[in-house]
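What follows is a short report on a single structure.
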Amino acid sequence: FYWTMATLRVAMATSAIVLAMAAPPSYCHGIDCPVFDVKDHVSNGGTELEVRHYPSAKWVSTDIMSDNEDTAISTGFMRLFSYISGANVNKEKVDMTSPVMCRVKDVGQGPFCNTTFTVSFFVPFKHQDDAPTPSSEDVYIDIVEERTVAVLQGDGYWMQADVLKNVAAAQAVLKAKNVGFNTTTYTFAGYDPPFRVFGRHNEVWLDLISSYEAERAALEN
């Protein structure tokens, strides 16, 4: 039993090191980004989506009720920036990561109805096991479970109208290819600070239904 537990600890430690050492994409600009595996590509009418699998990971999050995504992200960013600047029980500065993630539920309500926007920063790899507890009641450590998502990528500055346009484009591809996805939610991921003018990177993620990978495996066999 002791040998088994010791082996398990070594395996877990090794996995954490591999996770942290995985080379991030260039658009992460050298800071920690969540790791993922590319599983597939889906395209239709000139629009291509990348299918990724993200393992479970810790993020620091805050919820904002608003009728405007841009306002929600701005509010959420400032709360989270305060957390990484020392507004935590350890009064510890935490490294900035990428992307700033905004998860939106109840998409069918429309952009001008009050919606809960969950804005999140990825917890750096070195703090995945011991993230400092936030001082503010509005901020919390969030375990985002593993997920398989279809990702549409683009450059430039994306505001709410751009995000919604790209969500619709991604949904159209999945519908055309009969790929099942969660129609009630989407995620926007922005990788750049406002002052970065060139080389900007943005993404929208649509959560695929759990049977997607099983279906793909069946087709490959």
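Here's how to read the names in the structure tokens: chain A, B, ... by the order shown, residue numbers from 1 in each chain, ligand numbers from 1 in the order shown.
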Each segment 130-158 of chain A residue no farther than 12 Å from segment 115-121 of chain A, nearest pair in Å, only C-alpha atoms, as a Markdown table:
| residue | atom | partner | partner_atom | distance |
| --- | --- | --- | --- | --- |
| A:Ala131 | CA | A:Phe121 | CA | 11.9 |
| A:Asp138 | CA | A:Thr118 | CA | 11.1 |
| A:Val139 | CA | A:Ser120 | CA | 9.4 |
| A:Tyr140 | CA | A:Ser120 | CA | 9.5 |
| A:Ile141 | CA | A:Ser120 | CA | 9.3 |
| A:Asp142 | CA | A:Ser120 | CA | 8.5 |
| A:Ile143 | CA | A:Ser120 | CA | 10.8 |
| A:Val144 | CA | A:Ser120 | CA | 10.1 |
Mind dumping the selected residues with N, CA and C atoms as a CSV table (one decimal), in the first residue's frame?
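The resulting out.csv:
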chain,number,residue,atom,x,y,z
A,131,ALA,N,-3.7,27.9,-4.2
A,131,ALA,CA,-4.1,29.3,-4.5
A,131,ALA,C,-4.5,30.1,-3.3
A,138,ASP,N,-16.6,38.8,-3.2
A,138,ASP,CA,-17.0,38.8,-4.6
A,138,ASP,C,-16.1,37.9,-5.5
A,139,VAL,N,-15.0,37.4,-4.9
A,139,VAL,CA,-14.0,36.7,-5.7
A,139,VAL,C,-13.8,35.3,-5.0
A,140,TYR,N,-13.7,34.3,-5.9
A,140,TYR,CA,-13.6,32.9,-5.3
A,140,TYR,C,-12.7,32.1,-6.2
A,141,ILE,N,-12.1,31.0,-5.6
A,141,ILE,CA,-11.3,30.0,-6.4
A,141,ILE,C,-12.3,29.0,-7.0
A,142,ASP,N,-12.2,28.8,-8.2
A,142,ASP,CA,-13.2,28.1,-9.0
A,142,ASP,C,-12.5,26.9,-9.7
A,143,ILE,N,-12.9,25.7,-9.4
A,143,ILE,CA,-12.4,24.6,-10.2
A,143,ILE,C,-13.3,24.4,-11.4
A,144,VAL,N,-12.7,24.6,-12.6
A,144,VAL,CA,-13.4,24.5,-13.8
A,144,VAL,C,-13.1,23.0,-14.3
Check the DSSP output for the backbone and give back, as a VMD selection string, the residues of segment 3-207 of chain A in helix (DSSP H, G or I). chain A and resid 3 to 21 26 to 28 69 to 84 107 to 109 125 to 127 160 to 176
Contacts of segment 96-98 of chain A at 9 Å or less, counting only C-alpha atoms, minus same-chain residues fewer than 6 places along, as an MDAnalysis selection string? chainID A and resid 28:29 31:34 81 84 121:124 189:192
I'd like the contact shell of Ala87 of chain A - 8 Å cut-off, only C-alpha atoms, skipping same-chain residues fewer than 6 positions apart - returned as number ranges by chain. A: 134-136
With N, CA and C atoms retained, export the selected residues as a short mmCIF file (atom, residue, chain, number, x, y, z; two decimals), in the first residue's frame.
data_model
loop_
_atom_site.label_atom_id
_atom_site.label_comp_id
_atom_site.auth_asym_id
_atom_site.auth_seq_id
_atom_site.Cartn_x
_atom_site.Cartn_y
_atom_site.Cartn_z
N PRO A 134 -9.10 34.43 -1.67
CA PRO A 134 -9.41 35.85 -1.89
C PRO A 134 -9.91 36.53 -0.62
N SER A 135 -9.59 37.80 -0.48
CA SER A 135 -10.09 38.58 0.65
C SER A 135 -11.51 39.05 0.41
N SER A 136 -11.87 39.32 -0.83
CA SER A 136 -13.19 39.83 -1.17
C SER A 136 -14.21 38.71 -1.28
#
Return the single residue from A:Met101, A:Val107, A:Val197, A:Met78 that is closest to Tyr157 of chain A, with distances computed using only C-alpha atoms. A:Val197
Contacts of segment 183-217 of chain A with segment 162-170 of chain A up to 10 Å, shortest pair per row, only C-alpha atoms, as CSV:
residue,atom,partner,partner_atom,distance
A:Thr185,CA,A:Val167,CA,9.9
A:Tyr186,CA,A:Val167,CA,7.4
A:Thr187,CA,A:Val167,CA,8.8
A:Phe188,CA,A:Val163,CA,7.1
A:Ala189,CA,A:Val163,CA,9.7
A:Asn202,CA,A:Val163,CA,9.0
A:Glu203,CA,A:Val163,CA,8.4
A:Val204,CA,A:Val167,CA,6.3
A:Trp205,CA,A:Val167,CA,7.9
A:Leu206,CA,A:Ala170,CA,7.7
Quick one: everything within 9 Å of segment 41-43 of chain A, counting only C-alpha atoms, minus sequence neighbours fewer than 2 positions away in the same chain. Send it as a list in words. Val38, Lys39, Gly45, Gly46, Thr47, Glu48, Leu49, Glu50, Val51, Arg52, Ala150, Val173, Leu174 and Lys177 of chain A
Could those residues be written to a file, using C-alpha atoms, as a PDB file, in the first residue's frame?
ATOM      1  CA  VAL A  38      -6.126  19.561 -29.923  1.00  0.00           C
ATOM      2  CA  LYS A  39      -8.507  16.724 -30.772  1.00  0.00           C
ATOM      3  CA  GLY A  45     -18.020  27.537 -45.508  1.00  0.00           C
ATOM      4  CA  GLY A  46     -14.482  28.783 -44.881  1.00  0.00           C
ATOM      5  CA  THR A  47     -14.825  28.929 -41.086  1.00  0.00           C
ATOM      6  CA  GLU A  48     -12.658  26.493 -39.136  1.00  0.00           C
ATOM      7  CA  LEU A  49     -13.024  25.494 -35.503  1.00  0.00           C
ATOM      8  CA  GLU A  50     -10.370  23.794 -33.399  1.00  0.00           C
ATOM      9  CA  VAL A  51     -11.651  21.125 -31.035  1.00  0.00           C
ATOM     10  CA  ARG A  52      -9.730  21.169 -27.744  1.00  0.00           C
ATOM     11  CA  ALA A 150     -14.968  23.993 -30.241  1.00  0.00           C
ATOM     12  CA  VAL A 173     -20.402  25.404 -38.346  1.00  0.00           C
ATOM     13  CA  LEU A 174     -21.350  22.891 -35.651  1.00  0.00           C
ATOM     14  CA  LYS A 177     -21.699  19.336 -39.350  1.00  0.00           C
TER      15      LYS A 177
END
